[in-house]
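J.: This is work.pdb (PDB, C-alpha atoms, pLDDT in the B column).
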ATOM      1  CA  MET A 163     -14.057 -77.876   7.127  1.00 93.00           C
ATOM      2  CA  GLU A 164     -12.633 -80.868   8.995  1.00 96.00           C
ATOM      3  CA  TYR A 165      -9.191 -82.455   9.130  1.00 98.00           C
ATOM      4  CA  LEU A 166      -8.297 -86.076   8.549  1.00 98.00           C
ATOM      5  CA  THR A 167      -4.811 -87.202   9.601  1.00 98.00           C
ATOM      6  CA  GLY A 168      -2.724 -90.250   8.761  1.00 97.00           C
ATOM      7  CA  TYR A 169       0.812 -91.493   9.180  1.00 97.00           C
ATOM      8  CA  MET A 170       3.217 -94.308   8.345  1.00 97.00           C
ATOM      9  CA  LYS A 171       6.573 -95.279   9.817  1.00 96.00           C
ATOM     10  CA  THR A 172       9.204 -97.857   8.957  1.00 96.00           C
ATOM     11  CA  CYS A 173      11.934 -95.848  10.729  1.00 94.00           C
ATOM     12  CA  GLY A 174      12.264 -92.447  12.338  1.00 95.00           C
ATOM     13  CA  HIS A 175       9.818 -90.741  14.688  1.00 96.00           C
ATOM     14  CA  VAL A 176       6.313 -89.304  14.356  1.00 97.00           C
ATOM     15  CA  VAL A 177       4.239 -87.024  16.589  1.00 97.00           C
ATOM     16  CA  LEU A 178       0.646 -86.682  15.355  1.00 98.00           C
ATOM     17  CA  GLU A 179      -2.089 -84.822  17.237  1.00 98.00           C
ATOM     18  CA  LYS A 180      -5.571 -83.639  16.262  1.00 97.00           C
ATOM     19  CA  ALA A 181      -8.437 -81.793  17.944  1.00 97.00           C
ATOM     20  CA  GLU A 182     -11.526 -79.741  17.226  1.00 97.00           C
ATOM     21  CA  VAL A 183     -11.875 -76.572  19.281  1.00 96.00           C
ATOM     22  CA  ARG A 184     -15.220 -74.758  19.221  1.00 95.00           C
ATOM     23  CA  GLY A 185     -15.788 -75.958  15.683  1.00 96.00           C
ATOM     24  CA  ILE A 186     -12.253 -75.079  14.545  1.00 97.00           C
ATOM     25  CA  PRO A 187     -10.139 -78.051  13.399  1.00 98.00           C
ATOM     26  CA  ALA A 188      -6.553 -78.158  14.639  1.00 98.00           C
ATOM     27  CA  ALA A 189      -3.694 -80.562  13.982  1.00 98.00           C
ATOM     28  CA  PHE A 190       0.016 -80.965  14.629  1.00 98.00           C
ATOM     29  CA  ALA A 191       2.389 -83.348  12.841  1.00 98.00           C
ATOM     30  CA  VAL A 192       6.156 -83.673  13.199  1.00 97.00           C
ATOM     31  CA  CYS A 193       8.310 -86.448  11.763  1.00 97.00           C
ATOM     32  CA  GLY A 194      11.940 -87.070  10.994  1.00 96.00           C
ATOM     33  CA  ASP A 195      15.256 -88.116  12.562  1.00 94.00           C
ATOM     34  CA  LEU A 196      15.638 -90.711   9.825  1.00 88.00           C
ATOM     35  CA  ARG A 197      19.315 -91.510  10.434  1.00 81.00           C
ATOM     36  CA  GLY A 198      19.841 -90.653  14.096  1.00 76.00           C
ATOM     37  CA  PRO A 199      22.787 -88.674  15.505  1.00 75.00           C
ATOM     38  CA  GLU A 200      26.311 -89.688  14.467  1.00 76.00           C
ATOM     39  CA  PRO A 201      28.975 -90.136  17.172  1.00 75.00           C
ATOM     40  CA  GLY A 202      30.053 -86.703  18.338  1.00 71.00           C
ATOM     41  CA  GLU A 203      27.145 -84.958  16.622  1.00 74.00           C
ATOM     42  CA  SER A 204      25.419 -82.285  18.665  1.00 76.00           C
ATOM     43  CA  ALA A 205      21.863 -83.190  17.597  1.00 78.00           C
ATOM     44  CA  ILE A 206      19.382 -83.591  20.432  1.00 79.00           C
ATOM     45  CA  PRO A 207      18.184 -87.223  20.473  1.00 85.00           C
ATOM     46  CA  VAL A 208      14.486 -87.868  20.002  1.00 93.00           C
ATOM     47  CA  THR A 209      13.174 -89.257  23.287  1.00 93.00           C
ATOM     48  CA  GLY A 210       9.749 -90.061  24.659  1.00 94.00           C
ATOM     49  CA  ALA A 211      10.074 -86.958  26.807  1.00 94.00           C
ATOM     50  CA  LEU A 212      10.676 -84.758  23.764  1.00 94.00           C
ATOM     51  CA  LYS A 213       7.722 -86.245  21.887  1.00 96.00           C
ATOM     52  CA  GLY A 214       5.613 -85.797  25.016  1.00 96.00           C
ATOM     53  CA  ARG A 215       6.654 -82.157  25.251  1.00 94.00           C
ATOM     54  CA  LEU A 216       5.552 -81.578  21.653  1.00 95.00           C
ATOM     55  CA  ALA A 217       2.234 -83.339  22.239  1.00 96.00           C
ATOM     56  CA  LEU A 218       1.697 -81.312  25.414  1.00 96.00           C
ATOM     57  CA  PHE A 219       2.393 -78.063  23.560  1.00 95.00           C
ATOM     58  CA  PHE A 220      -0.413 -78.924  21.175  1.00 97.00           C
ATOM     59  CA  SER A 221      -2.942 -80.396  23.598  1.00 96.00           C
ATOM     60  CA  GLN A 222      -2.562 -77.677  26.209  1.00 94.00           C
ATOM     61  CA  ASP A 223      -1.015 -74.468  24.892  1.00 95.00           C
ATOM     62  CA  PHE A 224      -2.178 -74.522  21.290  1.00 96.00           C
ATOM     63  CA  VAL A 225      -5.664 -75.912  21.874  1.00 97.00           C
ATOM     64  CA  SER A 226      -6.254 -73.436  24.718  1.00 96.00           C
ATOM     65  CA  GLY A 227      -5.104 -70.548  22.536  1.00 96.00           C
ATOM     66  CA  VAL A 228      -7.338 -71.558  19.638  1.00 97.00           C
ATOM     67  CA  SER A 229     -10.239 -71.910  22.060  1.00 97.00           C
ATOM     68  CA  GLU A 230      -9.718 -68.355  23.320  1.00 96.00           C
ATOM     69  CA  TYR A 231      -8.590 -66.501  20.187  1.00 96.00           C
ATOM     70  CA  GLY A 232      -9.751 -68.623  17.253  1.00 96.00           C
ATOM     71  CA  GLU A 233      -7.656 -69.798  14.317  1.00 96.00           C
ATOM     72  CA  ASP A 234      -5.677 -66.537  14.273  1.00 95.00           C
ATOM     73  CA  TYR A 235      -3.859 -67.922  17.320  1.00 96.00           C
ATOM     74  CA  LEU A 236      -1.763 -70.005  14.910  1.00 96.00           C
ATOM     75  CA  GLN A 237       0.626 -67.122  14.217  1.00 93.00           C
ATOM     76  CA  ALA A 238       1.003 -66.256  17.894  1.00 93.00           C
ATOM     77  CA  ALA A 239       1.727 -69.885  18.782  1.00 93.00           C
ATOM     78  CA  VAL A 240       4.363 -70.166  16.059  1.00 94.00           C
ATOM     79  CA  PHE A 241       6.049 -66.972  17.218  1.00 91.00           C
ATOM     80  CA  GLY A 242       6.056 -68.106  20.837  1.00 88.00           C
ATOM     81  CA  ALA A 243       7.329 -71.635  20.145  1.00 86.00           C
ATOM     82  CA  SER A 244       9.944 -70.818  17.525  1.00 83.00           C
ATOM     83  CA  PHE A 245      11.475 -67.614  18.895  1.00 80.00           C
ATOM     84  CA  LEU A 246      13.032 -68.254  22.276  1.00 74.00           C
ATOM     85  CA  PRO A 247      15.815 -66.644  24.334  1.00 74.00           C
ATOM     86  CA  ALA A 248      19.369 -67.327  23.173  1.00 70.00           C
ATOM     87  CA  GLY A 249      20.576 -70.786  24.144  1.00 71.00           C
ATOM     88  CA  GLU A 250      17.135 -72.392  24.107  1.00 79.00           C
ATOM     89  CA  THR A 251      16.107 -74.754  21.334  1.00 85.00           C
ATOM     90  CA  PRO A 252      12.773 -73.910  19.693  1.00 90.00           C
ATOM     91  CA  LEU A 253       9.942 -76.442  19.570  1.00 91.00           C
ATOM     92  CA  LEU A 254       8.887 -75.434  16.070  1.00 94.00           C
ATOM     93  CA  GLY A 255      10.441 -74.027  12.949  1.00 94.00           C
ATOM     94  CA  PRO A 256      13.572 -74.600  10.879  1.00 93.00           C
ATOM     95  CA  GLY A 257      15.758 -74.585  14.010  1.00 89.00           C
ATOM     96  CA  ALA A 258      13.667 -77.074  16.000  1.00 92.00           C
ATOM     97  CA  GLY A 259      15.611 -79.579  18.069  1.00 89.00           C
ATOM     98  CA  PHE A 260      14.303 -82.962  16.909  1.00 93.00           C
ATOM     99  CA  GLY A 261      17.158 -85.418  16.465  1.00 92.00           C
ATOM    100  CA  THR A 262      19.004 -84.751  13.216  1.00 91.00           C
ATOM    101  CA  GLY A 263      16.044 -82.807  11.827  1.00 93.00           C
ATOM    102  CA  CYS A 264      12.375 -82.942  10.939  1.00 96.00           C
ATOM    103  CA  ALA A 265       9.482 -81.582   8.960  1.00 97.00           C
ATOM    104  CA  GLY A 266       6.363 -80.264  10.654  1.00 98.00           C
ATOM    105  CA  ILE A 267       2.817 -79.056  10.119  1.00 98.00           C
ATOM    106  CA  LEU A 268       0.799 -76.983  12.604  1.00 98.00           C
ATOM    107  CA  ALA A 269      -2.701 -76.138  11.398  1.00 98.00           C
ATOM    108  CA  ALA A 270      -5.831 -74.398  12.602  1.00 98.00           C
ATOM    109  CA  GLY A 271      -8.895 -73.583  10.539  1.00 97.00           C
ATOM    110  CA  SER A 272      -7.993 -72.466   7.037  1.00 97.00           C
ATOM    111  CA  SER A 273      -4.229 -71.995   7.584  1.00 97.00           C
ATOM    112  CA  ALA A 274      -1.214 -74.190   8.245  1.00 98.00           C
ATOM    113  CA  TYR A 275       2.340 -73.343   9.302  1.00 97.00           C
ATOM    114  CA  ILE A 276       4.858 -75.702   7.682  1.00 97.00           C
ATOM    115  CA  TYR A 277       8.588 -76.035   8.278  1.00 97.00           C
ATOM    116  CA  VAL A 278      11.622 -78.187   7.477  1.00 97.00           C
ATOM    117  CA  THR A 279      14.963 -78.224   9.295  1.00 95.00           C
ATOM    118  CA  GLU A 280      18.139 -77.988   7.252  1.00 93.00           C
ATOM    119  CA  GLY A 281      19.824 -81.283   6.436  1.00 91.00           C
ATOM    120  CA  SER A 282      16.958 -83.355   7.830  1.00 94.00           C
ATOM    121  CA  GLY A 283      16.276 -85.319   4.649  1.00 94.00           C
ATOM    122  CA  MET A 284      12.609 -84.406   5.094  1.00 96.00           C
ATOM    123  CA  CYS A 285      10.317 -82.202   3.017  1.00 96.00           C
ATOM    124  CA  ILE A 286       6.757 -80.905   2.820  1.00 97.00           C
ATOM    125  CA  VAL A 287       4.567 -81.724  -0.174  1.00 96.00           C
ATOM    126  CA  ARG A 288       1.085 -80.474  -1.006  1.00 96.00           C
ATOM    127  CA  SER A 289      -1.562 -81.461  -3.482  1.00 93.00           C
ATOM    128  CA  ALA A 290      -2.273 -79.181  -6.426  1.00 87.00           C
ATOM    129  CA  GLU A 291      -4.125 -79.210  -9.724  1.00 80.00           C
ATOM    130  CA  VAL A 292      -1.639 -79.063 -12.613  1.00 77.00           C
ATOM    131  CA  PHE A 293      -3.186 -78.908 -16.085  1.00 76.00           C
ATOM    132  CA  GLY A 294      -6.324 -80.522 -14.730  1.00 75.00           C
ATOM    133  CA  LYS A 295      -4.508 -83.376 -12.977  1.00 82.00           C
ATOM    134  CA  ARG A 296      -3.998 -83.791  -9.240  1.00 85.00           C
ATOM    135  CA  LYS A 297      -0.280 -83.732  -8.391  1.00 88.00           C
ATOM    136  CA  LEU A 298       1.853 -83.772  -5.262  1.00 92.00           C
ATOM    137  CA  ILE A 299       4.215 -80.788  -5.313  1.00 92.00           C
ATOM    138  CA  ARG A 300       7.252 -80.339  -3.050  1.00 93.00           C
ATOM    139  CA  CYS A 301       7.020 -76.926  -1.382  1.00 92.00           C
ATOM    140  CA  LEU A 302       9.761 -77.097   1.290  1.00 93.00           C
ATOM    141  CA  SER A 303      12.925 -79.189   1.153  1.00 92.00           C
ATOM    142  CA  PRO A 304      15.914 -79.713   3.458  1.00 89.00           C
ATOM    143  CA  GLU A 305      18.726 -78.159   1.438  1.00 87.00           C
ATOM    144  CA  GLU A 306      18.407 -74.910   3.368  1.00 84.00           C
ATOM    145  CA  GLY A 307      15.390 -75.637   5.520  1.00 89.00           C
ATOM    146  CA  GLY A 308      12.544 -73.156   5.599  1.00 95.00           C
ATOM    147  CA  GLU A 309       9.055 -72.268   6.714  1.00 96.00           C
ATOM    148  CA  ASP A 310       5.831 -70.920   5.264  1.00 96.00           C
ATOM    149  CA  VAL A 311       2.164 -70.376   5.993  1.00 96.00           C
ATOM    150  CA  VAL A 312      -0.221 -71.917   3.473  1.00 96.00           C
ATOM    151  CA  GLU A 313      -3.949 -71.716   2.944  1.00 95.00           C
ATOM    152  CA  LEU A 314      -6.022 -74.844   3.388  1.00 96.00           C
ATOM    153  CA  THR A 315      -9.062 -75.493   1.220  1.00 95.00           C
ATOM    154  CA  PRO A 316     -11.333 -78.551   1.058  1.00 95.00           C
ATOM    155  CA  GLY A 317      -9.513 -81.365  -0.735  1.00 94.00           C
ATOM    156  CA  GLN A 318      -6.057 -79.957   0.126  1.00 95.00           C
ATOM    157  CA  LEU A 319      -3.407 -82.434   1.264  1.00 97.00           C
ATOM    158  CA  LEU A 320      -0.236 -81.555   3.174  1.00 98.00           C
ATOM    159  CA  MET A 321       2.379 -84.194   3.943  1.00 98.00           C
ATOM    160  CA  ALA A 322       5.679 -84.229   5.803  1.00 98.00           C
ATOM    161  CA  CYS A 323       7.817 -87.026   4.341  1.00 97.00           C
ATOM    162  CA  PRO A 324      11.368 -87.973   3.287  1.00 95.00           C
ATOM    163  CA  GLU A 325      12.474 -85.914   0.314  1.00 94.00           C
ATOM    164  CA  GLU A 326      13.764 -89.105  -1.280  1.00 92.00           C
ATOM    165  CA  TRP A 327      10.129 -90.097  -1.839  1.00 93.00           C
ATOM    166  CA  THR A 328       9.745 -87.240  -4.303  1.00 92.00           C
ATOM    167  CA  LYS A 329      12.721 -88.476  -6.315  1.00 86.00           C
ATOM    168  CA  GLY A 330      11.676 -92.107  -6.592  1.00 68.00           C
ATOM    169  CA  ALA A 331      11.844 -94.987  -4.132  1.00 57.00           C
ATOM    170  CA  GLU A 332      12.978 -97.056  -7.116  1.00 63.00           C
ATOM    171  CA  PRO A 333      13.478 -96.216 -10.812  1.00 60.00           C
ATOM    172  CA  GLY A 334      10.240 -94.903 -12.293  1.00 59.00           C
ATOM    173  CA  LYS A 335       8.414 -94.639  -8.953  1.00 81.00           C
ATOM    174  CA  SER A 336       7.960 -91.499  -6.873  1.00 89.00           C
ATOM    175  CA  LEU A 337       5.322 -90.180  -4.512  1.00 91.00           C
ATOM    176  CA  SER A 338       3.604 -88.450  -7.430  1.00 88.00           C
ATOM    177  CA  ASP A 339       2.913 -91.880  -8.917  1.00 88.00           C
ATOM    178  CA  MET A 340       0.865 -92.725  -5.809  1.00 91.00           C
ATOM    179  CA  THR A 341      -1.494 -89.757  -6.014  1.00 91.00           C
ATOM    180  CA  GLU A 342      -4.547 -92.008  -6.297  1.00 91.00           C
ATOM    181  CA  LEU A 343      -3.950 -93.150  -2.716  1.00 93.00           C
ATOM    182  CA  PHE A 344      -4.833 -89.658  -1.521  1.00 94.00           C
ATOM    183  CA  ASP A 345      -8.078 -89.053  -3.399  1.00 92.00           C
ATOM    184  CA  PRO A 346     -10.117 -87.063  -0.835  1.00 92.00           C
ATOM    185  CA  ASP A 347     -13.354 -88.655  -2.048  1.00 91.00           C
ATOM    186  CA  ASP A 348     -12.054 -92.101  -1.082  1.00 93.00           C
ATOM    187  CA  ILE A 349     -10.732 -91.255   2.392  1.00 95.00           C
ATOM    188  CA  ARG A 350     -13.568 -91.288   4.915  1.00 94.00           C
ATOM    189  CA  ASP A 351     -11.804 -91.222   8.292  1.00 96.00           C
ATOM    190  CA  ASP A 352      -8.430 -91.310  10.035  1.00 97.00           C
ATOM    191  CA  ASP A 353      -8.251 -95.117  10.012  1.00 97.00           C
ATOM    192  CA  ALA A 354      -8.814 -95.206   6.246  1.00 96.00           C
ATOM    193  CA  PHE A 355      -6.120 -92.537   5.851  1.00 97.00           C
ATOM    194  CA  ASP A 356      -3.653 -94.623   7.917  1.00 97.00           C
ATOM    195  CA  ARG A 357      -4.329 -97.624   5.705  1.00 96.00           C
ATOM    196  CA  ARG A 358      -3.671 -95.552   2.578  1.00 95.00           C
ATOM    197  CA  MET A 359      -0.461 -94.183   4.065  1.00 96.00           C
ATOM    198  CA  ASN A 360       0.760 -97.647   5.021  1.00 95.00           C
ATOM    199  CA  GLU A 361       0.293 -98.861   1.463  1.00 95.00           C
ATOM    200  CA  LEU A 362       3.354 -96.737   0.693  1.00 93.00           C
ATOM    201  CA  ALA A 363       5.514 -99.117   2.720  1.00 92.00           C
ATOM    202  CA  GLY A 364       4.307-102.002   0.567  1.00 90.00           C
ATOM    203  CA  GLU A 365       5.375-100.033  -2.488  1.00 90.00           C
ATOM    204  CA  GLY A 366       8.929 -99.677  -1.228  1.00 88.00           C
ATOM    205  CA  PHE A 367       8.752 -96.277   0.471  1.00 92.00           C
ATOM    206  CA  ALA A 368      10.803 -96.337   3.705  1.00 92.00           C
ATOM    207  CA  GLY A 369      10.949 -93.744   6.470  1.00 95.00           C
ATOM    208  CA  CYS A 370       8.225 -91.845   8.261  1.00 97.00           C
ATOM    209  CA  ALA A 371       5.487 -89.491   7.101  1.00 97.00           C
ATOM    210  CA  ALA A 372       2.482 -87.655   8.503  1.00 98.00           C
ATOM    211  CA  ALA A 373      -0.283 -86.110   6.426  1.00 98.00           C
ATOM    212  CA  LEU A 374      -3.225 -83.787   6.866  1.00 98.00           C
ATOM    213  CA  LEU A 375      -6.224 -83.759   4.530  1.00 97.00           C
ATOM    214  CA  ALA A 376      -8.714 -80.881   4.699  1.00 96.00           C
ATOM    215  CA  LYS A 377     -12.252 -82.001   3.869  1.00 93.00           C
TER     216      LYS A 377
END
Any chance you could give the structure as structure tokens?
T.:
Amino acid sequence: MEYLTGYMKTCGHVVLEKAEVRGIPAAFAVCGDLRGPEPGESAIPVTGALKGRLALFFSQDFVSGVSEYGEDYLQAAVFGASFLPAGETPLLGPGAGFGTGCAGILAAGSSAYIYVTEGSGMCIVRSAEVFGKRKLIRCLSPEEGGEDVVELTPGQLLMACPEEWTKGAEPGKSLSDMTELFDPDDIRDDDAFDRRMNELAGEGFAGCAAALLAK
């Protein structure tokens, strides 16, 4: 199995990383902070240093762990990055400090850890077959935040995106209406995936999103 990754952004912030480690695909995607902190709000602003810290976590810590322990390292990495001493803000998970909130995907091999921070306006969607038709299903939303570990199979799509996209960017149009953009048979590489993702902006979808397609 391999991973293809793509993203789009009209506002907000995206961190998108990908690697292959001893034949094991790995990827990391975080996006959000759609509105930015309000005056007096305690949210940690999204800076280049913060995005660099996230990218470094993936490129050094996570990739090294996968290289040594295989895809099972995913759970250990999540535990280490999301459970920290009191007073420290976790890098991953529902309590991650990323502006006013975010949604994230950390994947290795056949599993992915997904999370959404409460009140972020972001969600995680996945592709699924419903009565023989390919649909995009919301599996984590920002009302309470949350996290999960999901299995990845060839043809599976995971996307972190604004929850508003699942409700309709305009009357009669939602992300589910754009399912044909994410046909795995039509997406050959990361550049093609980026082009598909950016077609969403032309259809009136605003914000930021990052997606992973298992092939």
J.: For this structure, which residues satisfy the selection - the PyMOL selection byres ((chain A and resi 271) around 8) - when it is evaluated on the file as given? I want them as a list of chain:residue names.
T.: A:Met163, A:Ile186, A:Pro187, A:Ala188, A:Glu233, A:Ala269, A:Ala270, A:Ser272, A:Ser273, A:Leu314
J.: Quick one: residues within 10 Å of range 191-199 of chain A, only C-alpha atoms, excluding same-chain residues fewer than 5 positions away - as a PyMOL selection string?
T.: chain A and resi 167-180+204-208+213+216-217+220+254+260-269+276-279+282-285+321-324+368-374
J.: Between CA of Lys297 in chain A and CA of Gln237 in chain A, what distance in Å does the model show, to one decimal?
T.: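 Separation between CA of Lys297 in chain A and CA of Gln237 in chain A: 28.1 Å.
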J.: Let me make sure I understand: among A:Glu325, A:Leu337, A:Glu309, A:Gly294, which one has the smallest atom-to-atom distance to Ser244 in chain A if we use all atoms listed in the file?
T.: A:Glu309
J.: Tell me, in Å to one decimal, how far CA of Thr315 in chain A is from CA of Asp345 in chain A.
T.: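 Going from CA of Thr315 in chain A over to CA of Asp345 in chain A, I get 14.4 Å.
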J.: Kindly give the distance, in Å, that separates CA of Glu326 in chain A and CA of Ala274 in chain A, rounded to a single decimal.
T.: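 Pair CA of Glu326 in chain A / CA of Ala274 in chain A returns 23.2 Å.
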J.: Determine, for each residue of range 231-327 of chain A having at least one atom at most 9 Å from an atom of range 340-343 of chain A, the closest pair of atoms and their separation in Å to one decimal, counting all atoms listed in the file; order by chain and ascending number, as a tab-separated table.
T.:
residue	atom	partner	partner_atom	distance
A:Ser289	CA	A:Thr341	CA	8.7
A:Arg296	CA	A:Thr341	CA	7.2
A:Lys297	CA	A:Thr341	CA	6.6
A:Leu298	CA	A:Thr341	CA	6.9
J.: List as a PyMOL selection string the residues having at least one atom at most 8 Å from position (-10.8, -80.0, 4.2) as given in the file, counting only C-alpha atoms.
T.: chain A and resi 163-166+314-318+375-377
